[in-house]
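Structure file data_27.txt; described as compact mmCIF, C-alpha atoms and all ligand atoms.
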```txt
# COMPACT_ATOMS: atom_id res chain seq x y z
CA MET Y 1 -14.60 -23.91 22.04
CA LYS Y 2 -11.65 -23.11 24.26
CA ILE Y 3 -8.90 -21.12 22.62
CA THR Y 4 -6.22 -23.63 23.57
CA GLU Y 5 -8.24 -26.38 21.87
CA TYR Y 6 -7.98 -24.46 18.59
CA PHE Y 7 -4.23 -24.44 19.02
CA LYS Y 8 -4.18 -28.19 19.69
CA LYS Y 9 -6.47 -28.92 16.75
CA SER Y 10 -4.41 -26.83 14.35
CA GLN Y 11 -1.57 -29.39 14.72
CA GLY Y 12 1.27 -26.95 14.41
CA GLN Y 13 -0.33 -24.75 11.74
CA THR Y 14 -0.24 -21.06 12.62
CA LEU Y 15 -3.72 -19.57 12.98
CA VAL Y 16 -4.67 -15.91 12.59
CA SER Y 17 -6.95 -13.94 14.86
CA PHE Y 18 -8.01 -10.31 15.19
CA GLU Y 19 -8.77 -7.78 17.89
CA VAL Y 20 -11.44 -5.12 17.43
CA LEU Y 21 -12.43 -2.12 19.50
CA PRO Y 22 -16.07 -1.30 20.21
CA PRO Y 23 -17.12 1.70 18.13
CA LEU Y 24 -17.29 5.09 19.80
CA LYS Y 25 -20.66 5.63 21.47
CA GLY Y 26 -23.13 6.57 18.74
CA GLY Y 27 -21.54 4.12 16.30
CA SER Y 28 -23.14 0.86 15.22
CA MET Y 29 -22.41 -2.81 14.78
CA ALA Y 30 -22.01 -2.06 11.07
CA ASP Y 31 -18.66 -0.45 12.01
CA ILE Y 32 -17.49 -3.76 13.47
CA PHE Y 33 -18.89 -5.90 10.69
CA SER Y 34 -17.28 -3.76 8.00
CA THR Y 35 -13.93 -4.46 9.66
CA LEU Y 36 -14.54 -8.14 10.18
CA ASP Y 37 -16.46 -9.20 7.04
CA PRO Y 38 -13.43 -9.06 4.71
CA LEU Y 39 -11.18 -10.69 7.32
CA MET Y 40 -13.43 -13.74 7.67
CA GLU Y 41 -11.83 -15.03 4.46
CA PHE Y 42 -8.82 -15.94 6.64
CA LYS Y 43 -10.95 -18.14 8.91
CA PRO Y 44 -9.97 -16.73 12.29
CA PRO Y 45 -11.12 -19.14 15.00
CA PHE Y 46 -11.70 -16.26 17.39
CA ILE Y 47 -11.99 -12.48 17.62
CA ASP Y 48 -11.01 -10.42 20.66
CA VAL Y 49 -13.09 -7.43 21.70
CA THR Y 50 -11.42 -4.85 23.94
CA TYR Y 51 -13.01 -3.35 27.04
CA HIS Y 52 -12.84 0.38 27.77
CA ARG Y 53 -13.54 1.79 31.19
CA GLU Y 54 -15.06 5.19 31.70
CA GLU Y 55 -12.98 8.31 31.13
CA TYR Y 56 -13.38 11.77 32.56
CA VAL Y 57 -14.55 14.58 30.32
CA TYR Y 58 -14.81 18.22 31.29
CA ASN Y 59 -17.90 20.07 30.01
CA LYS Y 60 -18.05 23.85 30.21
CA GLN Y 61 -21.14 25.02 32.09
CA PRO Y 62 -23.05 28.30 31.43
CA SER Y 63 -21.50 29.61 34.65
CA GLY Y 64 -18.08 29.25 33.05
CA TYR Y 65 -17.06 26.43 35.40
CA TYR Y 66 -16.20 23.03 34.04
CA GLU Y 67 -18.14 19.97 35.17
CA LYS Y 68 -16.25 16.72 35.39
CA THR Y 69 -18.24 13.72 34.16
CA ALA Y 70 -17.26 10.10 33.79
CA ILE Y 71 -18.42 8.53 30.54
CA ARG Y 72 -17.72 5.31 28.72
CA LYS Y 73 -16.81 6.26 25.19
CA ARG Y 74 -16.67 2.70 23.86
CA PRO Y 75 -19.30 0.59 25.61
CA GLY Y 76 -20.73 -2.62 24.19
CA THR Y 77 -18.00 -5.26 24.56
CA VAL Y 78 -20.31 -8.08 25.62
CA GLY Y 79 -23.02 -7.26 23.07
CA ILE Y 80 -20.42 -7.13 20.31
CA CYS Y 81 -19.08 -10.54 21.34
CA ALA Y 82 -22.56 -12.07 21.26
CA SER Y 83 -23.21 -10.44 17.90
CA ILE Y 84 -19.94 -11.72 16.41
CA MET Y 85 -20.67 -15.25 17.58
CA HIS Y 86 -24.16 -15.06 16.13
CA ARG Y 87 -23.12 -13.65 12.75
CA TYR Y 88 -19.95 -15.63 12.05
CA GLY Y 89 -20.36 -18.72 14.23
CA ILE Y 90 -16.89 -18.27 15.70
CA ASP Y 91 -15.72 -17.56 19.23
CA ALA Y 92 -15.46 -14.04 20.55
CA ILE Y 93 -13.26 -13.18 23.49
CA PRO Y 94 -14.27 -10.26 25.65
CA HIS Y 95 -11.50 -8.49 27.51
CA LEU Y 96 -12.33 -8.28 31.18
CA ILE Y 97 -10.54 -5.73 33.32
CA CYS Y 98 -10.12 -5.12 37.05
CA GLY Y 99 -10.40 -1.33 36.73
CA GLY Y 100 -13.85 0.03 37.51
CA PHE Y 101 -15.22 -3.27 38.85
CA ASN Y 102 -15.60 -4.58 42.36
CA VAL Y 103 -15.54 -8.33 42.78
CA GLU Y 104 -19.33 -8.59 42.92
CA GLU Y 105 -19.69 -6.71 39.61
CA THR Y 106 -17.02 -8.92 38.11
CA GLU Y 107 -18.88 -12.02 39.23
CA ASN Y 108 -22.13 -10.73 37.71
CA ALA Y 109 -20.35 -9.88 34.45
CA LEU Y 110 -18.96 -13.41 34.33
CA ILE Y 111 -22.41 -14.86 34.97
CA ASP Y 112 -23.76 -12.85 32.02
CA LEU Y 113 -20.96 -14.13 29.79
CA ASN Y 114 -21.53 -17.70 30.93
CA PHE Y 115 -25.25 -17.50 30.24
CA LEU Y 116 -24.53 -16.09 26.78
CA GLY Y 117 -22.31 -19.07 25.98
CA ILE Y 118 -19.16 -16.94 25.92
CA ASN Y 119 -16.58 -19.10 27.60
CA ASN Y 120 -13.29 -17.43 26.78
CA VAL Y 121 -12.01 -14.28 28.47
CA LEU Y 122 -8.81 -12.27 28.40
CA ALA Y 123 -8.21 -11.22 32.02
CA LEU Y 124 -6.45 -7.88 32.41
CA ARG Y 125 -5.84 -5.30 35.04
CA GLY Y 126 -6.48 -2.23 32.86
CA ASP Y 127 -4.56 1.01 33.04
CA ALA Y 128 -4.72 3.89 35.45
CA ARG Y 129 -7.55 6.32 34.80
CA GLN Y 130 -6.77 9.47 32.89
CA PHE Y 131 -5.27 12.02 35.28
CA GLU Y 132 -4.34 9.33 37.83
CA ASP Y 133 -0.70 8.48 38.03
CA LYS Y 134 -1.18 4.88 39.11
CA PHE Y 135 -3.78 2.17 38.86
CA ILE Y 136 -6.29 2.43 41.71
CA PRO Y 137 -8.58 -0.56 42.18
CA GLU Y 138 -12.22 -0.09 43.14
CA ASN Y 139 -13.19 -0.64 46.74
CA ASN Y 140 -13.24 -4.41 46.97
CA GLY Y 141 -11.93 -4.65 43.43
CA HIS Y 142 -8.88 -6.48 42.15
CA LYS Y 143 -5.47 -4.87 42.22
CA TYR Y 144 -3.75 -7.17 39.75
CA ALA Y 145 -4.86 -9.35 36.86
CA VAL Y 146 -3.78 -12.42 38.82
CA ASP Y 147 -6.61 -11.78 41.30
CA LEU Y 148 -9.11 -11.63 38.46
CA VAL Y 149 -7.73 -14.89 37.06
CA LYS Y 150 -8.22 -16.45 40.51
CA GLN Y 151 -11.83 -15.29 40.65
CA VAL Y 152 -12.60 -16.74 37.21
CA ASN Y 153 -10.84 -19.94 38.15
CA ASP Y 154 -12.86 -20.17 41.37
CA MET Y 155 -16.05 -19.90 39.36
CA ASN Y 156 -14.75 -22.64 37.08
CA HIS Y 157 -14.73 -24.74 40.25
CA GLY Y 158 -18.23 -23.67 41.26
CA ILE Y 159 -16.95 -21.28 43.93
CA TYR Y 160 -18.94 -18.03 44.03
CA LEU Y 161 -18.41 -15.06 46.35
CA ASP Y 162 -21.44 -15.85 48.46
CA SER Y 163 -20.33 -18.66 50.74
CA ASN Y 164 -23.98 -19.67 51.17
CA ILE Y 165 -23.88 -21.00 47.61
CA GLU Y 166 -22.80 -24.52 48.38
CA LYS Y 167 -23.13 -26.17 45.01
CA GLY Y 168 -22.56 -23.39 42.53
CA SER Y 169 -22.76 -24.37 38.89
CA PRO Y 170 -19.15 -24.39 37.63
CA THR Y 171 -18.40 -22.14 34.69
CA ASP Y 172 -15.99 -23.30 32.01
CA PHE Y 173 -13.99 -20.25 31.06
CA SER Y 174 -10.69 -20.49 29.28
CA ILE Y 175 -8.56 -17.63 30.55
CA GLY Y 176 -5.96 -15.72 28.58
CA VAL Y 177 -3.61 -13.09 30.03
CA ALA Y 178 -1.34 -10.36 28.72
CA GLY Y 179 2.44 -10.64 28.42
CA TYR Y 180 5.03 -8.01 27.55
CA PRO Y 181 8.02 -8.93 25.38
CA GLU Y 182 9.61 -5.58 26.32
CA LYS Y 183 8.32 -5.76 29.94
CA HIS Y 184 5.31 -4.00 31.39
CA PHE Y 185 6.20 -0.36 31.95
CA GLU Y 186 5.58 -0.49 35.71
CA ALA Y 187 7.58 -3.63 36.37
CA PRO Y 188 10.90 -2.98 38.08
CA ASN Y 189 12.61 -5.31 35.61
CA PHE Y 190 11.99 -7.96 32.96
CA GLU Y 191 12.58 -10.90 35.32
CA THR Y 192 10.10 -9.64 37.92
CA ASP Y 193 7.49 -9.11 35.24
CA ILE Y 194 7.95 -12.73 34.09
CA LYS Y 195 7.65 -13.88 37.70
CA TYR Y 196 4.26 -12.16 37.97
CA LEU Y 197 3.24 -13.55 34.60
CA LYS Y 198 3.98 -17.03 35.94
CA GLN Y 199 1.64 -16.32 38.87
CA LYS Y 200 -1.17 -15.61 36.39
CA ILE Y 201 -0.56 -18.97 34.70
CA ASP Y 202 -0.35 -20.82 38.02
CA ALA Y 203 -3.64 -19.17 39.01
CA GLY Y 204 -5.42 -20.75 36.05
CA ALA Y 205 -4.63 -18.85 32.84
CA SER Y 206 -4.02 -21.14 29.89
CA TYR Y 207 -2.45 -18.90 27.25
CA ILE Y 208 -0.70 -15.55 26.82
CA VAL Y 209 -1.28 -12.82 24.23
CA THR Y 210 1.55 -10.34 23.93
CA GLN Y 211 1.72 -6.62 23.65
CA MET Y 212 2.66 -5.52 20.12
CA PHE Y 213 6.34 -5.50 19.21
CA PHE Y 214 8.26 -4.63 16.05
CA ASP Y 215 11.42 -6.57 16.71
CA ASN Y 216 11.03 -10.34 16.80
CA THR Y 217 14.17 -10.77 18.88
CA ASN Y 218 12.21 -9.24 21.78
CA PHE Y 219 9.49 -11.85 21.32
CA PHE Y 220 11.97 -14.72 21.17
CA ARG Y 221 13.78 -13.47 24.27
CA PHE Y 222 10.43 -13.23 26.06
CA ARG Y 223 9.38 -16.70 24.95
CA ASP Y 224 12.71 -18.17 26.11
CA ALA Y 225 12.40 -16.38 29.46
CA CYS Y 226 8.88 -17.75 29.89
CA HIS Y 227 10.09 -21.29 29.20
CA ALA Y 228 13.00 -20.86 31.60
CA ALA Y 229 10.56 -19.65 34.27
CA GLY Y 230 8.41 -22.77 33.81
CA ILE Y 231 5.69 -21.17 31.68
CA HIS Y 232 4.69 -23.67 29.03
CA VAL Y 233 1.32 -22.37 27.80
CA PRO Y 234 0.82 -21.14 24.21
CA ILE Y 235 2.21 -17.64 23.65
CA VAL Y 236 0.42 -15.67 20.94
CA PRO Y 237 2.29 -12.70 19.46
CA GLY Y 238 0.26 -9.51 19.10
CA LEU Y 239 1.03 -7.52 15.94
CA LYS Y 240 0.29 -4.14 14.52
CA PRO Y 241 1.97 -2.57 11.50
CA LEU Y 242 3.43 0.92 11.46
CA THR Y 243 1.05 2.99 9.28
CA ARG Y 244 1.91 6.63 9.97
CA LYS Y 245 5.20 8.41 10.61
CA TYR Y 246 3.98 10.03 13.81
CA GLN Y 247 3.52 6.54 15.29
CA LEU Y 248 7.30 6.36 15.64
CA ASN Y 249 6.70 8.57 18.68
CA SER Y 250 3.09 7.91 19.65
CA ILE Y 251 3.36 4.10 19.87
CA PRO Y 252 6.37 4.10 22.23
CA ARG Y 253 4.62 6.76 24.35
CA LYS Y 254 1.36 4.86 24.55
CA PHE Y 255 2.53 1.25 24.65
CA PHE Y 256 6.02 1.56 26.16
CA ILE Y 257 7.75 -0.34 23.38
CA ASN Y 258 10.72 0.38 21.12
CA PHE Y 259 11.05 0.45 17.37
CA PRO Y 260 14.11 -1.33 16.02
CA GLU Y 261 16.76 0.95 14.53
CA ALA Y 262 16.48 -0.55 11.03
CA LEU Y 263 12.75 0.24 10.86
CA VAL Y 264 13.23 3.76 12.24
CA THR Y 265 16.00 4.50 9.73
CA GLU Y 266 13.87 3.29 6.83
CA ALA Y 267 10.78 5.13 8.08
CA LEU Y 268 12.62 8.43 8.44
CA LYS Y 269 13.82 8.16 4.82
CA THR Y 270 10.34 7.28 3.58
CA GLU Y 271 7.73 9.78 2.41
CA ASP Y 272 4.57 9.86 4.54
CA LYS Y 273 2.43 8.39 1.78
CA ASN Y 274 4.69 5.34 1.52
CA ILE Y 275 4.90 4.55 5.23
CA ILE Y 276 1.98 2.13 5.03
CA SER Y 277 3.79 0.01 2.41
CA LEU Y 278 6.91 -0.03 4.56
CA GLY Y 279 4.87 -0.98 7.64
CA ILE Y 280 3.09 -3.77 5.76
CA GLU Y 281 6.36 -5.17 4.40
CA TRP Y 282 7.95 -5.06 7.84
CA CYS Y 283 4.99 -6.77 9.48
CA ILE Y 284 4.86 -9.48 6.79
CA ALA Y 285 8.54 -10.23 7.41
CA GLN Y 286 7.84 -10.42 11.15
CA CYS Y 287 4.92 -12.80 10.56
CA ILE Y 288 6.89 -15.10 8.28
CA GLU Y 289 9.68 -15.42 10.83
CA LEU Y 290 7.22 -15.97 13.69
CA LYS Y 291 5.42 -18.65 11.70
CA GLN Y 292 8.69 -20.40 10.99
CA ALA Y 293 9.39 -20.26 14.72
CA GLY Y 294 6.16 -22.19 15.31
CA VAL Y 295 3.92 -19.63 17.04
CA PRO Y 296 0.39 -21.02 17.50
CA CYS Y 297 -1.38 -17.93 16.17
CA LEU Y 298 -0.69 -14.44 14.82
CA HIS Y 299 -2.99 -11.97 16.55
CA PHE Y 300 -3.58 -8.65 14.79
CA TYR Y 301 -4.58 -5.44 16.50
CA THR Y 302 -6.77 -4.15 13.68
CA MET Y 303 -7.61 -0.80 15.28
CA GLY Y 304 -10.32 -0.51 12.63
CA ASP Y 305 -7.78 -0.59 9.77
CA VAL Y 306 -9.10 -3.49 7.75
CA ASP Y 307 -7.23 -2.74 4.50
CA THR Y 308 -3.79 -2.85 6.05
CA THR Y 309 -4.56 -5.96 8.08
CA TYR Y 310 -5.98 -7.65 5.00
CA LYS Y 311 -2.89 -6.86 2.90
CA ILE Y 312 -0.65 -8.43 5.52
CA VAL Y 313 -2.66 -11.56 6.17
CA GLU Y 314 -3.20 -12.34 2.47
CA LYS Y 315 0.58 -12.50 2.04
CA ILE Y 316 1.27 -14.88 4.90
P1 LIG Y 401 -0.98 -7.23 35.64
O1 LIG Y 401 -0.67 -8.61 35.19
O2 LIG Y 401 -1.78 -7.06 36.85
O3 LIG Y 401 0.38 -6.45 35.74
C1 LIG Y 401 0.41 -5.05 35.96
C2 LIG Y 401 1.74 -4.66 36.60
O4 LIG Y 401 1.79 -5.15 37.94
C3 LIG Y 401 2.98 -5.25 35.92
O5 LIG Y 401 4.01 -4.31 36.00
C4 LIG Y 401 3.30 -6.50 36.72
O6 LIG Y 401 4.68 -6.82 36.66
C5 LIG Y 401 2.87 -6.06 38.11
N1 LIG Y 401 2.34 -7.15 38.95
C6 LIG Y 401 1.53 -8.14 38.57
N2 LIG Y 401 1.20 -8.91 39.63
C7 LIG Y 401 1.79 -8.36 40.70
C8 LIG Y 401 1.81 -8.66 42.09
N3 LIG Y 401 1.16 -9.72 42.58
N4 LIG Y 401 2.53 -7.85 42.93
C9 LIG Y 401 3.20 -6.76 42.44
N5 LIG Y 401 3.22 -6.43 41.13
C10 LIG Y 401 2.52 -7.21 40.28
N6 LIG Y 401 -6.50 -2.53 28.70
C11 LIG Y 401 -7.81 -2.22 28.75
O7 LIG Y 401 -8.21 -1.34 29.52
N7 LIG Y 401 -8.73 -2.87 27.97
C12 LIG Y 401 -8.36 -3.87 27.12
O8 LIG Y 401 -9.20 -4.42 26.42
C13 LIG Y 401 -6.98 -4.23 27.04
N8 LIG Y 401 -6.56 -5.23 26.24
C14 LIG Y 401 -5.24 -5.61 26.26
C15 LIG Y 401 -4.82 -6.72 25.48
C16 LIG Y 401 -3.50 -7.11 25.47
C17 LIG Y 401 -3.08 -8.31 24.66
C18 LIG Y 401 -2.54 -6.39 26.23
C19 LIG Y 401 -1.09 -6.80 26.20
C20 LIG Y 401 -2.93 -5.31 27.00
C21 LIG Y 401 -4.28 -4.91 27.04
N9 LIG Y 401 -4.73 -3.84 27.82
C22 LIG Y 401 -6.06 -3.52 27.87
C23 LIG Y 401 -3.76 -3.04 28.58
C24 LIG Y 401 -3.53 -3.58 30.00
O9 LIG Y 401 -4.71 -3.45 30.76
C25 LIG Y 401 -2.40 -2.76 30.61
O10 LIG Y 401 -1.18 -3.06 29.97
C26 LIG Y 401 -2.25 -2.80 32.12
O11 LIG Y 401 -1.37 -1.75 32.51
C27 LIG Y 401 -1.67 -4.09 32.67
O12 LIG Y 401 -2.53 -5.13 32.55
P2 LIG Y 401 -2.08 -6.63 32.94
O13 LIG Y 401 -3.27 -7.47 32.83
O14 LIG Y 401 -0.86 -7.02 32.22
O15 LIG Y 401 -1.74 -6.39 34.51
```
This structure in structure tokens:
Amino acid sequence: MKITEYFKKSQGQTLVSFEVLPPLKGGSMADIFSTLDPLMEFKPPFIDVTYHREEYVYNKQPSGYYEKTAIRKRPGTVGICASIMHRYGIDAIPHLICGGFNVEETENALIDLNFLGINNVLALRGDARQFEDKFIPENNGHKYAVDLVKQVNDMNHGIYLDSNIEKGSPTDFSIGVAGYPEKHFEAPNFETDIKYLKQKIDAGASYIVTQMFFDNTNFFRFRDACHAAGIHVPIVPGLKPLTRKYQLNSIPRKFFINFPEALVTEALKTEDKNIISLGIEWCIAQCIELKQAGVPCLHFYTMGDVDTTYKIVEKI
């Protein structure tokens, strides 16, 4: 079923959903199931599975030189989605990125998904490769997520890359895109970022999932700005609790977001072993306020931490 249909069917009730990462290469589906099995109690209508492009690793050779190799540390997104749908009978949403794909490869990936009965995707650009200071698309690959959305939307209208295909079978993908309550780090300003977000919606995306945030006022400001810009699709807040003190620095560095002063002050006073409780309490308060504000769904970035996610969701 399409994600937006779940939101319509829920008739104003806030749903919960989860995002999982493929296990590191060498891991197994048991890693994913052990995260998801306990969370199924909360009846998530869908599960997102992230996509990870290849990274460079440097291996020391007998000669003493280092050899640079590109490897994908977390492959398996599509297989995991199929497996989730098979085991739990719910929808799985693969993340699809521009990075590392040319348009032909993207089309083939979409055909695979379509044939597997996976008809929801989250269309993203992806980040720059390690050691590259900006995002570089593949030759004949997409530069921005909006171009990927357009390609998926074309296929939904039976338009394939090969113009000799006159009556292509239309796919039926529902397309989600990313939004940034505190602005995407490359955007020159908040307003410009919203303008580009609107382009993704106009190109065929039907809902937005946000980057994590710890201060709901940022989400509400973002939601208001979306409405003012003419974006009226469901906006799903993405949430992750603070669980370690070092995340006060690592999360802003990695995700370009801020922690609110009240949380930082509390966290600095709190012993390491009690940070998880503080993070859970803070996240529960965020969720309660977001629910009251009528968000369609609370989307949790589990990052493999099932216990913490469970403790939050059982309280909301
Ligand atoms: P875009 O929408 O393309 O935006 C990127 C930047 O370009 C922004 O600054 C935007 O303002 C600007 N921009 C957009 N369109 C234009 C235009 N036409 N002209 C000029 N500038 C423009 N990454 C992964 O690799 N795998 C994942 O599974 C993954 N999952 C994610 C899930 C969520 C919910 C979120 C929020 C992010 C996820 N990411 C993932 C990270 C994401 O790929 C990065 O944040 C990336 O840097 C931007 O992706 P985007 O789709 O928002 O890009």
Could you pull out the residues sitting within 6 Å of ligand LIG 401 (chain Y), using only C-alpha atoms and all ligand atoms, and write them as a PDB file with C-alpha atoms, in the coordinates of the input?
```
ATOM      1  CA  THR Y  50     -11.420  -4.850  23.940  1.00  0.00           C
ATOM      2  CA  TYR Y  51     -13.010  -3.350  27.040  1.00  0.00           C
ATOM      3  CA  HIS Y  52     -12.840   0.380  27.770  1.00  0.00           C
ATOM      4  CA  HIS Y  95     -11.500  -8.490  27.510  1.00  0.00           C
ATOM      5  CA  LEU Y 124      -6.450  -7.880  32.410  1.00  0.00           C
ATOM      6  CA  ARG Y 125      -5.840  -5.300  35.040  1.00  0.00           C
ATOM      7  CA  GLY Y 126      -6.480  -2.230  32.860  1.00  0.00           C
ATOM      8  CA  ASP Y 127      -4.560   1.010  33.040  1.00  0.00           C
ATOM      9  CA  TYR Y 144      -3.750  -7.170  39.750  1.00  0.00           C
ATOM     10  CA  ALA Y 145      -4.860  -9.350  36.860  1.00  0.00           C
ATOM     11  CA  ALA Y 178      -1.340 -10.360  28.720  1.00  0.00           C
ATOM     12  CA  GLY Y 179       2.440 -10.640  28.420  1.00  0.00           C
ATOM     13  CA  HIS Y 184       5.310  -4.000  31.390  1.00  0.00           C
ATOM     14  CA  GLU Y 186       5.580  -0.490  35.710  1.00  0.00           C
ATOM     15  CA  ALA Y 187       7.580  -3.630  36.370  1.00  0.00           C
ATOM     16  CA  ASP Y 193       7.490  -9.110  35.240  1.00  0.00           C
ATOM     17  CA  TYR Y 196       4.260 -12.160  37.970  1.00  0.00           C
ATOM     18  CA  VAL Y 209      -1.280 -12.820  24.230  1.00  0.00           C
ATOM     19  CA  THR Y 210       1.550 -10.340  23.930  1.00  0.00           C
ATOM     20  CA  GLN Y 211       1.720  -6.620  23.650  1.00  0.00           C
TER      21      GLN Y 211
END
```
| request: Dump as a VMD selection string all residues having an atom at most 12 Å from (-14.5, -6.4, 5.0), computed in the file's coordinates with only C-alpha atoms. | output: chain Y and resid 30 to 42 302 304 to 311
Residues as selected, C-alpha atoms, written as an mmCIF file, in the frame of the given file, can you do that?
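Output contents, as saved in part_21.cif:
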```
data_model
loop_
_atom_site.group_PDB
_atom_site.id
_atom_site.type_symbol
_atom_site.label_atom_id
_atom_site.label_comp_id
_atom_site.auth_asym_id
_atom_site.auth_seq_id
_atom_site.Cartn_x
_atom_site.Cartn_y
_atom_site.Cartn_z
ATOM 1 C CA ALA Y 30 -22.010 -2.060 11.070
ATOM 2 C CA ASP Y 31 -18.660 -0.450 12.010
ATOM 3 C CA ILE Y 32 -17.490 -3.760 13.470
ATOM 4 C CA PHE Y 33 -18.890 -5.900 10.690
ATOM 5 C CA SER Y 34 -17.280 -3.760 8.000
ATOM 6 C CA THR Y 35 -13.930 -4.460 9.660
ATOM 7 C CA LEU Y 36 -14.540 -8.140 10.180
ATOM 8 C CA ASP Y 37 -16.460 -9.200 7.040
ATOM 9 C CA PRO Y 38 -13.430 -9.060 4.710
ATOM 10 C CA LEU Y 39 -11.180 -10.690 7.320
ATOM 11 C CA MET Y 40 -13.430 -13.740 7.670
ATOM 12 C CA GLU Y 41 -11.830 -15.030 4.460
ATOM 13 C CA PHE Y 42 -8.820 -15.940 6.640
ATOM 14 C CA THR Y 302 -6.770 -4.150 13.680
ATOM 15 C CA GLY Y 304 -10.320 -0.510 12.630
ATOM 16 C CA ASP Y 305 -7.780 -0.590 9.770
ATOM 17 C CA VAL Y 306 -9.100 -3.490 7.750
ATOM 18 C CA ASP Y 307 -7.230 -2.740 4.500
ATOM 19 C CA THR Y 308 -3.790 -2.850 6.050
ATOM 20 C CA THR Y 309 -4.560 -5.960 8.080
ATOM 21 C CA TYR Y 310 -5.980 -7.650 5.000
ATOM 22 C CA LYS Y 311 -2.890 -6.860 2.900
#
```
| query | When you draw a straight line from atom CA of Val313 of chain Y to atom CA of Ala293 of chain Y, how long is it in Å? | reply | 17.1 Å
| note | Restricting to all atoms listed in the file, whichever of Y:Cys98, Y:Leu248, Y:Ile159, Y:Cys226 is closest to Ala123 of chain Y is Y:Cys98
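Between atom CA of Val16 of chain Y and atom CA of Phe300 of chain Y there is a distance of 7.7 Å.
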| message | Here's a test: counting all atoms listed in the file, identify every protein, DNA and RNA residue with an atom at most 12 Å from (3.4, -12.6, 37.6) in the file's coordinate frame, and state them as a ChimeraX atom specification. | response | /Y:144-147,149,177-180,183-184,187,189-203,205,208,226,229-231
| query | Do you know which residues are at most 12 Å from Ala92 of chain Y counting all atoms listed in the file, after dropping those on the same chain fewer than 5 positions away, and could you put them as a PyMOL selection string? | reply | chain Y and resi 1-3+17-20+36+44-50+77-87+113+116-122+174
| task | For atom CA of Glu281 of chain Y and atom CA of Glu266 of chain Y, determine how far apart the two atoms are, in Å to one decimal place. | result | 11.6 Å
Work out where the centre of an axis-aligned box around every listed atom of segment 194-200 of chain Y lies and how long its edges are once 5 Å is added on each side; give both in Å to one decimal as lines of an AutoDock Vina configuration file.
```
center_x = 3.4
center_y = -14.6
center_z = 36.5
size_x = 19.1
size_y = 14.9
size_z = 14.8
```
| Looking at all atoms listed in the file, which of Y:Glu55, Y:Leu148, Y:Phe256, Y:Thr171 is the one that sits closest to Phe131 of chain Y? |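 Ranking Y:Glu55, Y:Leu148, Y:Phe256, Y:Thr171 by distance to Phe131 of chain Y, first place goes to Y:Glu55.
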| Using all atoms listed in the file, which residue out of Y:Lys315, Y:Lys9, Y:Asn249, Y:Arg129 lies closest to Val57 of chain Y? | Y:Arg129
| task | Show which residues sit within 8 Å of Ile257 of chain Y, as a list in words. Count all atoms listed in the file, and ignore same-chain residues fewer than 4 positions away. | result | Glu182, Met212, Phe213, Ile251, Pro252 and Arg253 of chain Y
| query | Which of these residues is nearest to Thr4 of chain Y, using all atoms listed in the file: Y:Val152, Y:Ala70, Y:Ile284, Y:Ile175? | reply |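 Among the listed residues, Y:Ile175 lies closest to Thr4 of chain Y.
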| Nearest candidate to Pro296 of chain Y (options Y:Tyr6, Y:Phe220, Y:Phe255, Y:Phe101; using all atoms listed in the file) |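 Using all atoms listed in the file, the shortest distance to Pro296 of chain Y belongs to Y:Tyr6.
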| query | Do you know which residues are at most 12 Å from Glu105 of chain Y counting only C-alpha atoms, after dropping those on the same chain fewer than 3 positions away, and could you put them as a VMD selection string? | reply | chain Y and resid 96 to 102 108 to 112 138 to 142 148 151 161
| field | Top pick for closest residue to Asp154 of chain Y, considering Y:Gly89, Y:Pro22, Y:Gly204, Y:Lys167 and counting only C-alpha atoms | value |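 Checking each candidate against Asp154 of chain Y, we get Y:Gly204 as the closest.
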| query | Which residues come within 7 Å of segment 12-15 of chain Y, counting only C-alpha atoms, excluding same-chain residues fewer than 5 positions away, as a VMD selection string? | reply | chain Y and resid 44 291 294 to 298
